[in-house]
$ cat coords-v9.pdb   # PDB, C-alpha atoms
MODEL        1
ATOM      1  CA  MET A 178     -13.508 -16.709 -24.436
ATOM      2  CA  LYS A 179     -12.980 -13.043 -23.951
ATOM      3  CA  ALA A 180     -13.826 -11.350 -20.708
ATOM      4  CA  ARG A 181     -13.588  -7.780 -19.568
ATOM      5  CA  VAL A 182     -13.350  -6.759 -15.962
ATOM      6  CA  LEU A 183     -14.367  -3.221 -15.088
ATOM      7  CA  ILE A 184     -13.017  -2.002 -11.766
ATOM      8  CA  ARG A 185     -14.278   1.167 -10.098
ATOM      9  CA  PRO A 186     -13.759   2.930  -6.800
ATOM     10  CA  LYS A 187     -16.569   1.890  -4.460
ATOM     11  CA  GLU A 188     -19.539   4.190  -4.160
ATOM     12  CA  GLY A 189     -18.945   6.786  -1.479
ATOM     13  CA  ILE A 190     -15.161   6.623  -1.733
ATOM     14  CA  LEU A 191     -13.651   9.898  -2.868
ATOM     15  CA  ASP A 192     -12.175   9.433  -6.350
ATOM     16  CA  PRO A 193      -9.735  12.334  -6.755
ATOM     17  CA  GLN A 194      -8.837  11.281 -10.320
ATOM     18  CA  GLY A 195     -12.480  11.473 -11.322
ATOM     19  CA  LYS A 196     -12.807  14.841  -9.598
ATOM     20  CA  ALA A 197      -9.755  16.180 -11.444
ATOM     21  CA  VAL A 198     -11.192  15.067 -14.795
ATOM     22  CA  GLU A 199     -14.574  16.512 -13.889
ATOM     23  CA  ARG A 200     -13.029  19.868 -13.047
ATOM     24  CA  ALA A 201     -10.957  19.923 -16.242
ATOM     25  CA  LEU A 202     -13.821  19.305 -18.656
ATOM     26  CA  PRO A 203     -15.617  22.681 -18.383
ATOM     27  CA  ALA A 204     -12.330  24.366 -19.329
ATOM     28  CA  LEU A 205     -12.624  22.600 -22.699
ATOM     29  CA  GLY A 206     -16.209  23.654 -23.126
ATOM     30  CA  PHE A 207     -17.770  20.356 -22.008
ATOM     31  CA  ASP A 208     -20.398  21.603 -19.587
ATOM     32  CA  GLY A 209     -22.986  19.672 -17.611
ATOM     33  CA  VAL A 210     -20.598  16.813 -16.769
ATOM     34  CA  SER A 211     -20.820  15.363 -13.277
ATOM     35  CA  ASP A 212     -20.062  12.241 -11.230
ATOM     36  CA  VAL A 213     -16.949  11.293 -13.199
ATOM     37  CA  ARG A 214     -15.351   8.148 -11.805
ATOM     38  CA  VAL A 215     -12.038   6.786 -13.075
ATOM     39  CA  GLY A 216     -11.476   3.035 -12.903
ATOM     40  CA  ARG A 217      -9.563   0.298 -14.695
ATOM     41  CA  LEU A 218     -10.392  -2.065 -17.522
ATOM     42  CA  VAL A 219      -8.769  -5.503 -17.647
ATOM     43  CA  GLU A 220      -9.211  -7.666 -20.739
ATOM     44  CA  ILE A 221      -8.763 -11.398 -20.259
ATOM     45  CA  GLU A 222      -8.784 -14.442 -22.516
ATOM     46  CA  THR A 223      -9.887 -17.429 -20.451
ATOM     47  CA  ASP A 224     -11.309 -20.958 -20.708
ATOM     48  CA  ASP A 225     -12.582 -20.842 -17.152
ATOM     49  CA  ALA A 226     -15.137 -18.077 -16.708
ATOM     50  CA  GLU A 227     -16.236 -19.507 -13.371
ATOM     51  CA  SER A 228     -12.944 -18.598 -11.773
ATOM     52  CA  LEU A 229     -13.249 -14.940 -12.761
ATOM     53  CA  PRO A 230     -14.972 -13.711  -9.584
ATOM     54  CA  ALA A 231     -12.299 -15.355  -7.417
ATOM     55  CA  LEU A 232      -9.603 -13.914  -9.645
ATOM     56  CA  CYS A 233     -11.140 -10.463  -9.197
ATOM     57  CA  GLU A 234     -11.488 -10.803  -5.426
ATOM     58  CA  GLN A 235      -7.938 -12.028  -4.965
ATOM     59  CA  LEU A 236      -6.014  -9.830  -7.334
ATOM     60  CA  LEU A 237      -7.699  -7.582  -9.882
ATOM     61  CA  ALA A 238      -9.777  -5.625  -7.381
ATOM     62  CA  ASN A 239      -9.361  -4.787  -3.722
ATOM     63  CA  PRO A 240     -12.880  -5.509  -2.422
ATOM     64  CA  LEU A 241     -12.424  -3.065   0.456
ATOM     65  CA  ILE A 242     -12.169  -0.079  -1.862
ATOM     66  CA  GLU A 243     -13.249  -1.245  -5.324
ATOM     67  CA  ASP A 244     -16.252  -2.789  -7.054
ATOM     68  CA  TYR A 245     -15.804  -4.946 -10.123
ATOM     69  CA  GLU A 246     -18.041  -5.994 -12.974
ATOM     70  CA  ILE A 247     -17.372  -8.951 -15.248
ATOM     71  CA  VAL A 248     -18.524  -8.883 -18.876
ATOM     72  CA  ILE A 249     -18.193 -12.153 -20.785
ATOM     73  CA  GLY A 250     -18.502 -13.210 -24.422
ATOM     74  CA  SER A 251     -19.307 -11.048 -27.408
ATOM     75  CA  ASP A 252     -20.179  -8.099 -25.159
ATOM     76  CA  ALA A 253     -16.605  -8.290 -24.015
ATOM     77  CA  ALA A 254     -15.091  -7.419 -27.376
ATOM     78  CA  PRO A 255     -12.729  -4.513 -26.934
ATOM     79  CA  ALA A 256     -14.565  -1.233 -27.283
ATOM     80  CA  THR A 257     -12.693   0.032 -30.298
ATOM     81  CA  VAL A 258     -14.234   2.852 -32.252
ATOM     82  CA  THR A 259     -14.783   1.568 -35.791
ATOM     83  CA  GLU A 260     -16.020   3.291 -38.905
ATOM     84  CA  PRO A 261     -19.730   2.860 -39.605
ATOM     85  CA  GLY A 262     -20.367  -0.371 -41.461
ATOM     86  CA  ALA A 263     -17.054  -1.935 -40.518
ATOM     87  CA  ASP A 264     -17.541  -5.588 -39.558
ATOM     88  CA  PRO A 265     -16.041  -6.939 -36.314
ATOM     89  CA  ALA A 266     -13.642  -9.252 -38.167
ATOM     90  CA  ALA A 267     -12.151  -6.296 -39.982
ATOM     91  CA  ALA A 268     -11.901  -4.460 -36.697
ATOM     92  CA  ASP A 269     -10.088  -7.460 -35.214
ATOM     93  CA  ALA A 270      -7.641  -7.498 -38.089
ATOM     94  CA  LYS A 271      -7.083  -3.804 -37.600
ATOM     95  CA  ARG A 272      -6.401  -4.289 -33.918
ATOM     96  CA  SER A 273      -3.882  -7.054 -34.378
ATOM     97  CA  THR A 274      -2.111  -4.921 -36.972
ATOM     98  CA  SER A 275      -1.980  -1.927 -34.711
ATOM     99  CA  ARG A 276      -0.469  -4.022 -31.931
ATOM    100  CA  GLU A 277       2.555  -4.920 -34.027
TER     101      GLU A 277
ATOM    102  CA  MET B  21      22.066  -7.750  19.068
ATOM    103  CA  THR B  22      18.831  -7.415  17.130
ATOM    104  CA  VAL B  23      19.105  -8.587  13.546
ATOM    105  CA  PHE B  24      16.844  -6.830  11.049
ATOM    106  CA  GLY B  25      15.974  -8.100   7.591
ATOM    107  CA  VAL B  26      14.990  -5.588   4.899
ATOM    108  CA  VAL B  27      12.968  -7.028   2.025
ATOM    109  CA  GLN B  28      14.096  -5.842  -1.392
ATOM    110  CA  PHE B  29      11.646  -6.061  -4.308
ATOM    111  CA  PRO B  30      12.330  -5.043  -7.884
ATOM    112  CA  GLY B  31      11.308  -1.385  -7.701
ATOM    113  CA  SER B  32      12.076  -0.872  -4.012
ATOM    114  CA  CYS B  33      13.981   2.368  -3.529
ATOM    115  CA  ASP B  34      14.248   2.969   0.214
ATOM    116  CA  GLU B  35      15.793  -0.329   1.221
ATOM    117  CA  ARG B  36      19.295   1.180   1.561
ATOM    118  CA  ASP B  37      18.110   3.869   3.959
ATOM    119  CA  ALA B  38      16.139   1.263   5.912
ATOM    120  CA  LEU B  39      19.225  -0.953   6.092
ATOM    121  CA  HIS B  40      21.252   2.038   7.293
ATOM    122  CA  ALA B  41      18.685   2.947   9.963
ATOM    123  CA  CYS B  42      18.552  -0.666  11.210
ATOM    124  CA  GLY B  43      22.336  -0.815  11.190
ATOM    125  CA  MET B  44      22.472   2.177  13.533
ATOM    126  CA  VAL B  45      20.676   0.231  16.263
ATOM    127  CA  GLY B  46      21.450  -3.387  15.398
ATOM    128  CA  ASP B  47      22.611  -5.680  12.629
ATOM    129  CA  ALA B  48      20.837  -5.734   9.303
ATOM    130  CA  ARG B  49      20.811  -7.691   6.077
ATOM    131  CA  MET B  50      18.897  -7.461   2.843
ATOM    132  CA  VAL B  51      16.332 -10.133   1.928
ATOM    133  CA  TRP B  52      15.882 -10.466  -1.853
ATOM    134  CA  HIS B  53      12.254 -10.891  -2.921
ATOM    135  CA  GLU B  54      12.900 -14.439  -4.143
ATOM    136  CA  ASP B  55      14.462 -15.379  -0.831
ATOM    137  CA  THR B  56      12.404 -17.246   1.756
ATOM    138  CA  ASP B  57      15.114 -17.704   4.350
ATOM    139  CA  LEU B  58      14.453 -15.424   7.317
ATOM    140  CA  ASP B  59      16.467 -17.550   9.742
ATOM    141  CA  GLY B  60      18.214 -15.554  12.420
ATOM    142  CA  LEU B  61      16.131 -12.424  11.904
ATOM    143  CA  ASP B  62      14.520 -10.714  14.877
ATOM    144  CA  ALA B  63      12.527  -8.195  12.845
ATOM    145  CA  VAL B  64      11.574  -7.570   9.221
ATOM    146  CA  ILE B  65      11.233  -4.233   7.439
ATOM    147  CA  VAL B  66       9.184  -4.011   4.245
ATOM    148  CA  PRO B  67      10.583  -0.804   2.759
ATOM    149  CA  GLY B  68       9.259   1.942   0.520
ATOM    150  CA  GLY B  69       9.467   2.279  -3.215
ATOM    151  CA  PHE B  70       7.455   1.060  -6.168
ATOM    152  CA  SER B  71       7.558  -2.722  -5.890
ATOM    153  CA  TYR B  72       6.896  -4.394  -9.244
ATOM    154  CA  GLY B  73       6.180  -0.965 -10.689
ATOM    155  CA  ASP B  74       3.094  -0.665  -8.449
ATOM    156  CA  TYR B  75       1.220  -2.261 -11.353
ATOM    157  CA  LEU B  76      -2.507  -2.846 -10.856
ATOM    158  CA  ARG B  77      -2.489  -1.253  -7.360
ATOM    159  CA  ALA B  78       0.353  -0.245  -5.111
ATOM    160  CA  GLY B  79       1.546  -3.381  -3.329
ATOM    161  CA  ALA B  80      -0.840  -5.726  -5.154
ATOM    162  CA  ILE B  81       1.822  -7.790  -6.928
ATOM    163  CA  ALA B  82       4.534  -7.690  -4.258
ATOM    164  CA  ARG B  83       2.406  -9.620  -1.822
ATOM    165  CA  PHE B  84       2.738 -12.731  -4.023
ATOM    166  CA  SER B  85       6.531 -12.704  -3.910
ATOM    167  CA  PRO B  86       8.211 -15.685  -2.221
ATOM    168  CA  ALA B  87       9.724 -13.412   0.428
ATOM    169  CA  MET B  88       6.279 -12.141   1.428
ATOM    170  CA  GLY B  89       5.107 -15.711   2.027
ATOM    171  CA  ALA B  90       7.993 -16.080   4.452
ATOM    172  CA  VAL B  91       7.206 -12.686   6.014
ATOM    173  CA  ALA B  92       3.585 -13.787   6.578
ATOM    174  CA  ASP B  93       4.842 -16.916   8.387
ATOM    175  CA  PHE B  94       7.297 -14.793  10.369
ATOM    176  CA  ALA B  95       4.467 -12.440  11.373
ATOM    177  CA  ALA B  96       2.176 -15.338  12.282
ATOM    178  CA  ALA B  97       4.905 -16.609  14.601
ATOM    179  CA  GLY B  98       4.910 -13.254  16.390
ATOM    180  CA  GLY B  99       7.931 -11.681  14.710
ATOM    181  CA  PRO B 100       7.855  -7.883  14.463
ATOM    182  CA  VAL B 101       7.225  -6.620  10.930
ATOM    183  CA  LEU B 102       7.289  -2.945   9.953
ATOM    184  CA  GLY B 103       5.969  -1.767   6.589
ATOM    185  CA  ILE B 104       6.991   1.696   5.461
ATOM    186  CA  CYS B 105       5.109   3.521   2.687
ATOM    187  CA  ASN B 106       5.008   0.979  -0.161
ATOM    188  CA  GLY B 107       5.731  -1.631   2.506
ATOM    189  CA  PHE B 108       2.571  -0.489   4.318
ATOM    190  CA  GLN B 109       0.628  -0.858   1.061
ATOM    191  CA  VAL B 110       2.071  -4.349   0.562
ATOM    192  CA  LEU B 111       1.113  -5.433   4.101
ATOM    193  CA  CYS B 112      -2.449  -4.131   3.629
ATOM    194  CA  GLU B 113      -2.770  -5.928   0.293
ATOM    195  CA  ALA B 114      -1.427  -9.083   1.924
ATOM    196  CA  GLY B 115      -4.104  -8.863   4.608
ATOM    197  CA  LEU B 116      -1.476  -8.566   7.353
ATOM    198  CA  LEU B 117      -2.776  -5.108   8.216
ATOM    199  CA  PRO B 118      -6.295  -3.664   8.169
ATOM    200  CA  GLY B 119      -7.441  -1.036   5.681
ATOM    201  CA  ALA B 120      -6.190   0.129   2.315
ATOM    202  CA  LEU B 121      -4.265   3.043   0.855
ATOM    203  CA  LEU B 122      -5.989   5.211  -1.757
ATOM    204  CA  PRO B 123      -4.631   7.951  -4.032
ATOM    205  CA  ASN B 124      -3.977  11.206  -2.147
ATOM    206  CA  ASP B 125      -7.032  13.441  -2.032
ATOM    207  CA  ALA B 126      -5.165  16.203  -3.900
ATOM    208  CA  VAL B 127      -4.110  13.770  -6.708
ATOM    209  CA  ARG B 128      -0.568  15.011  -6.181
ATOM    210  CA  PHE B 129       2.632  13.364  -5.129
ATOM    211  CA  VAL B 130       3.339  14.827  -1.708
ATOM    212  CA  CYS B 131       6.917  15.125  -0.435
ATOM    213  CA  ARG B 132       7.438  17.023   2.800
ATOM    214  CA  GLN B 133       8.143  16.807   6.502
ATOM    215  CA  VAL B 134       5.100  16.011   8.654
ATOM    216  CA  GLU B 135       4.438  16.020  12.364
ATOM    217  CA  LEU B 136       3.232  12.705  13.796
ATOM    218  CA  VAL B 137       1.561  12.064  17.128
ATOM    219  CA  VAL B 138       2.223   8.764  18.883
ATOM    220  CA  GLU B 139      -1.141   7.259  19.841
ATOM    221  CA  ASN B 140       0.003   3.893  21.103
ATOM    222  CA  ASP B 141       3.375   3.493  22.810
ATOM    223  CA  GLU B 142       2.971  -0.197  23.548
ATOM    224  CA  THR B 143       3.932  -1.621  20.169
ATOM    225  CA  PRO B 144       7.351  -3.119  19.374
ATOM    226  CA  PHE B 145       7.975  -0.066  17.184
ATOM    227  CA  THR B 146       6.922   2.723  19.547
ATOM    228  CA  ALA B 147       7.998   1.305  22.916
ATOM    229  CA  GLU B 148      10.735   3.959  23.170
ATOM    230  CA  CYS B 149       8.124   6.704  22.736
ATOM    231  CA  VAL B 150       5.460   8.004  25.087
ATOM    232  CA  ALA B 151       1.870   8.434  23.912
ATOM    233  CA  GLY B 152       1.449  12.049  22.835
ATOM    234  CA  ASP B 153       5.054  12.380  21.634
ATOM    235  CA  ARG B 154       5.523  14.316  18.407
ATOM    236  CA  LEU B 155       7.788  12.896  15.712
ATOM    237  CA  SER B 156       9.019  14.907  12.741
ATOM    238  CA  VAL B 157       9.328  12.536   9.790
ATOM    239  CA  PRO B 158       9.058  13.028   6.000
ATOM    240  CA  VAL B 159       6.329  11.634   3.744
ATOM    241  CA  LYS B 160       6.725  11.094  -0.005
ATOM    242  CA  HIS B 161       3.918   9.293  -1.751
ATOM    243  CA  MET B 162       1.072   9.434  -4.237
ATOM    244  CA  THR B 163      -1.129   6.718  -2.721
ATOM    245  CA  GLY B 164      -1.137   7.315   1.007
ATOM    246  CA  ARG B 165      -4.745   8.063   1.935
ATOM    247  CA  PHE B 166      -5.538   5.493   4.608
ATOM    248  CA  PHE B 167      -9.056   4.147   4.343
ATOM    249  CA  ALA B 168     -11.209   1.667   6.209
ATOM    250  CA  PRO B 169     -14.996   1.549   6.591
ATOM    251  CA  GLN B 170     -16.367   3.507   9.580
ATOM    252  CA  ALA B 171     -17.281   0.430  11.603
ATOM    253  CA  GLN B 172     -13.815  -1.024  11.149
ATOM    254  CA  LEU B 173     -12.235   2.315  12.092
ATOM    255  CA  ASP B 174     -14.171   2.306  15.356
ATOM    256  CA  GLU B 175     -12.886  -1.198  16.066
ATOM    257  CA  LEU B 176      -9.308  -0.201  15.259
ATOM    258  CA  GLU B 177      -9.518   2.805  17.565
ATOM    259  CA  ALA B 178     -11.066   0.805  20.385
ATOM    260  CA  ALA B 179      -8.394  -1.900  20.100
ATOM    261  CA  GLY B 180      -5.543   0.625  20.114
ATOM    262  CA  GLN B 181      -4.571  -0.310  16.577
ATOM    263  CA  VAL B 182      -4.122   3.299  15.504
ATOM    264  CA  VAL B 183      -0.457   3.789  16.378
ATOM    265  CA  LEU B 184       0.356   7.100  14.709
ATOM    266  CA  ARG B 185      -1.701  10.071  13.563
ATOM    267  CA  TYR B 186      -0.780  13.125  11.548
ATOM    268  CA  ALA B 187      -0.798  16.121  13.872
ATOM    269  CA  PRO B 188      -3.977  18.218  13.540
ATOM    270  CA  GLY B 189      -3.752  20.290  10.359
ATOM    271  CA  ASP B 190      -0.803  18.283   9.034
ATOM    272  CA  ASN B 191      -2.644  15.482   7.201
ATOM    273  CA  PRO B 192      -0.869  15.363   3.814
ATOM    274  CA  ASN B 193      -3.156  12.975   1.930
ATOM    275  CA  GLY B 194      -6.710  12.961   3.287
ATOM    276  CA  SER B 195      -6.309   9.844   5.444
ATOM    277  CA  VAL B 196      -9.428   9.118   7.512
ATOM    278  CA  ARG B 197      -9.156  10.314  11.097
ATOM    279  CA  ASN B 198      -5.616  11.568  10.363
ATOM    280  CA  ILE B 199      -4.343   7.991  10.573
ATOM    281  CA  ALA B 200      -0.669   7.683   9.616
ATOM    282  CA  GLY B 201       0.137   4.245  11.010
ATOM    283  CA  VAL B 202      -1.750   1.166  12.218
ATOM    284  CA  ARG B 203      -0.912  -2.185  13.722
ATOM    285  CA  ASN B 204      -2.479  -5.613  13.416
ATOM    286  CA  GLU B 205      -4.657  -7.142  16.107
ATOM    287  CA  ALA B 206      -1.798  -9.143  17.618
ATOM    288  CA  GLY B 207       0.326  -6.000  17.733
ATOM    289  CA  ASN B 208       3.485  -7.316  16.071
ATOM    290  CA  VAL B 209       2.847  -5.975  12.554
ATOM    291  CA  MET B 210       2.763  -2.258  11.875
ATOM    292  CA  GLY B 211       2.615  -0.059   8.813
ATOM    293  CA  LEU B 212       2.987   3.667   8.273
ATOM    294  CA  MET B 213       3.133   5.974   5.276
ATOM    295  CA  PRO B 214       5.819   8.368   6.604
ATOM    296  CA  HIS B 215       9.486   7.398   6.347
ATOM    297  CA  PRO B 216      11.219   6.977   9.709
ATOM    298  CA  GLU B 217      14.304   5.619   7.893
ATOM    299  CA  HIS B 218      14.790   9.047   6.285
ATOM    300  CA  ALA B 219      14.781  10.749   9.697
ATOM    301  CA  VAL B 220      17.690   9.156  11.534
ATOM    302  CA  ASP B 221      20.232  12.004  11.544
ATOM    303  CA  PRO B 222      19.836  15.660  12.629
ATOM    304  CA  LEU B 223      21.956  16.537   9.593
ATOM    305  CA  THR B 224      18.938  15.822   7.368
ATOM    306  CA  GLY B 225      16.439  17.597   9.599
ATOM    307  CA  SER B 226      15.330  15.105  12.222
ATOM    308  CA  ALA B 227      16.421  11.958  14.005
ATOM    309  CA  ASP B 228      12.950  11.182  15.362
ATOM    310  CA  GLY B 229      12.463   8.237  13.005
ATOM    311  CA  LEU B 230      15.304   6.374  14.648
ATOM    312  CA  ARG B 231      13.142   5.879  17.745
ATOM    313  CA  LEU B 232      10.997   3.344  15.863
ATOM    314  CA  PHE B 233      14.020   1.238  14.992
ATOM    315  CA  ALA B 234      15.500   1.711  18.464
ATOM    316  CA  SER B 235      12.222   0.474  19.971
ATOM    317  CA  VAL B 236      12.555  -2.815  18.102
ATOM    318  CA  ALA B 237      16.235  -3.097  18.979
ATOM    319  CA  ALA B 238      15.500  -2.561  22.682
ATOM    320  CA  ARG B 239      13.291  -5.672  22.769
ATOM    321  CA  GLU B 240      14.448  -9.062  23.889
ATOM    322  CA  PRO B 241      14.991 -10.924  20.603
ATOM    323  CA  VAL B 242      12.336 -13.635  20.631
ATOM    324  CA  ALA B 243      11.196 -14.159  17.062
ATOM    325  CA  ALA B 244      14.318 -16.039  16.001
ATOM    326  CA  ALA B 245      13.489 -18.728  18.512
ATOM    327  CA  GLY B 246       9.908 -19.034  17.278
ATOM    328  CA  PRO B 247       6.659 -18.103  19.009
TER     329      PRO B 247
ENDMDL
END

$ encode --input "coords-v9.pdb" --output "structure tokens"
Amino acid sequence: MKARVLIRPKEGILDPQGKAVERALPALGFDGVSDVRVGRLVEIETDDAESLPALCEQLLANPLIEDYEIVIGSDAAPATVTEPGADPAAADAKRSTSRE
Amino acid sequence: MTVFGVVQFPGSCDERDALHACGMVGDARMVWHEDTDLDGLDAVIVPGGFSYGDYLRAGAIARFSPAMGAVADFAAAGGPVLGICNGFQVLCEAGLLPGALLPNDAVRFVCRQVELVVENDETPFTAECVAGDRLSVPVKHMTGRFFAPQAQLDELEAAGQVVLRYAPGDNPNGSVRNIAGVRNEAGNVMGLMPHPEHAVDPLTGSADGLRLFASVAAREPVAAAGP
């Protein structure tokens, strides 16, 4: 099954990347943006979803400074922007093509 | 004579300078990351650079290398281990040192000389210094902001585990409490973001960094014989 792991800087830890993005946005005319946090997304194909938390604790995230969130199953399909009406299978085909 | 081992990962870039600095006060040999043989070594340096491309997080992958397993055993047996810059990050990720290193508060790579204050002169790496001494040593990093939760920081301070601080006003990365270098509870493992191996000759601005290596060399070699 597919899983996605979302890793973010822990609440209260200064995220200078997020701050830099936040400061850049008004220059492009995107006003009213605040609390931007920059993290990482890890996509995983696994047969053993139960081991995911351990995998996160031991490698994907550093629990001292980062929080992680595990999303499993159909919710974990890659968040590709598809045209309205496009079915997921077509999107999959598109993705595998674009990888080559 | 003290024999130093310098661990070399794919992506290390300061191992030659570290080897040179160690060679000025003792003997030194390189330890390839796939090597687990630390026999005959009195001290281990985990040098700076970008081990394994710093993928995922700085130091996160390097800690799984075979050499690091051997370094952990060496440290557990009481052998002195010094992590510099990326080496500091690796030791934190490996759980051999407290805390973590976060991206610099200015989101910039910082490369300049800094002034350090010796807080603890009773470690294997600062024994040739006196508490309060100032050392002029360069930093060059993107991910050097030392962090630990407040409660843990209080414990570290109380236990004398803060070994080096950036001089007031000279904190280059936003590290909490100006912390530049810490040691483990036992005292034989230390990490710092600045580069003492780049400050071993007045020709390049300062020889203050050599005092850390000289401190290790001045010890009675004990690690080779086990704990």

$ closest_atom_pairs --input "coords-v9.pdb" --of "chain B" --to "chain A" --cutoff "8 Å" --atoms "all atoms listed in the file" --output "Markdown table"
| residue | atom | partner | partner_atom | distance |
| --- | --- | --- | --- | --- |
| B:Leu76 | CA | A:Leu237 | CA | 7.1 |
| B:Ala80 | CA | A:Leu236 | CA | 7.0 |
| B:Glu113 | CA | A:Asn239 | CA | 7.8 |
| B:Gly119 | CA | A:Leu241 | CA | 7.5 |
| B:Ala120 | CA | A:Leu241 | CA | 7.2 |
| B:Pro123 | CA | A:Pro193 | CA | 7.3 |
| B:Asn124 | CA | A:Pro193 | CA | 7.5 |
| B:Asp125 | CA | A:Pro193 | CA | 5.6 |
| B:Ala126 | CA | A:Pro193 | CA | 6.6 |
| B:Val127 | CA | A:Pro193 | CA | 5.8 |
| B:Ala168 | CA | A:Leu241 | CA | 7.5 |

$ resolve_selection --input "coords-v9.pdb" --expression "the PyMOL selection byres ((chain B and resi 27) around 7)" --output "ChimeraX atom specification"
/B:25-26,28-29,50-53,65-67

$ resolve_selection --input "coords-v9.pdb" --expression "the PyMOL selection byres ((chain A and resi 247) around 6)" --output "PyMOL selection string"
chain A and resi 181-182+246+248

$ residues_around --input "coords-v9.pdb" --residues "A:Gly209" --least-positions-apart "6" --cutoff "12 Å" --atoms "only C-alpha atoms" --output "PyMOL selection string"
chain A and resi 199-200+202-203

$ axis_aligned_box --input "coords-v9.pdb" --around "stretch 41-54 of chain B" --padding-each-side "6 Å" --output "AutoDock Vina command-line options"
--center_x 17.4 --center_y -5.7 --center_z 6.1 --size_x 22.4 --size_y 29.4 --size_z 32.4

$ residues_around --input "coords-v9.pdb" --residues "A:Thr223" --least-positions-apart "4" --cutoff "10 Å" --atoms "only C-alpha atoms" --output "list in words"
Met178, Lys179, Ala180, Glu227, Ser228, Leu229 and Ile249 of chain A

$ resolve_selection --input "coords-v9.pdb" --expression "the PyMOL selection byres ((chain B and resi 73-75) around 12)" --output "ChimeraX atom specification"
/A:217,236-237 /B:29-33,68-72,76-83,106-107,109-110,113,162-163

$ atom_distance --input "coords-v9.pdb" --atom1 "atom CA of A:Ser251" --atom2 "atom CA of A:Asp224"
14.4 Å
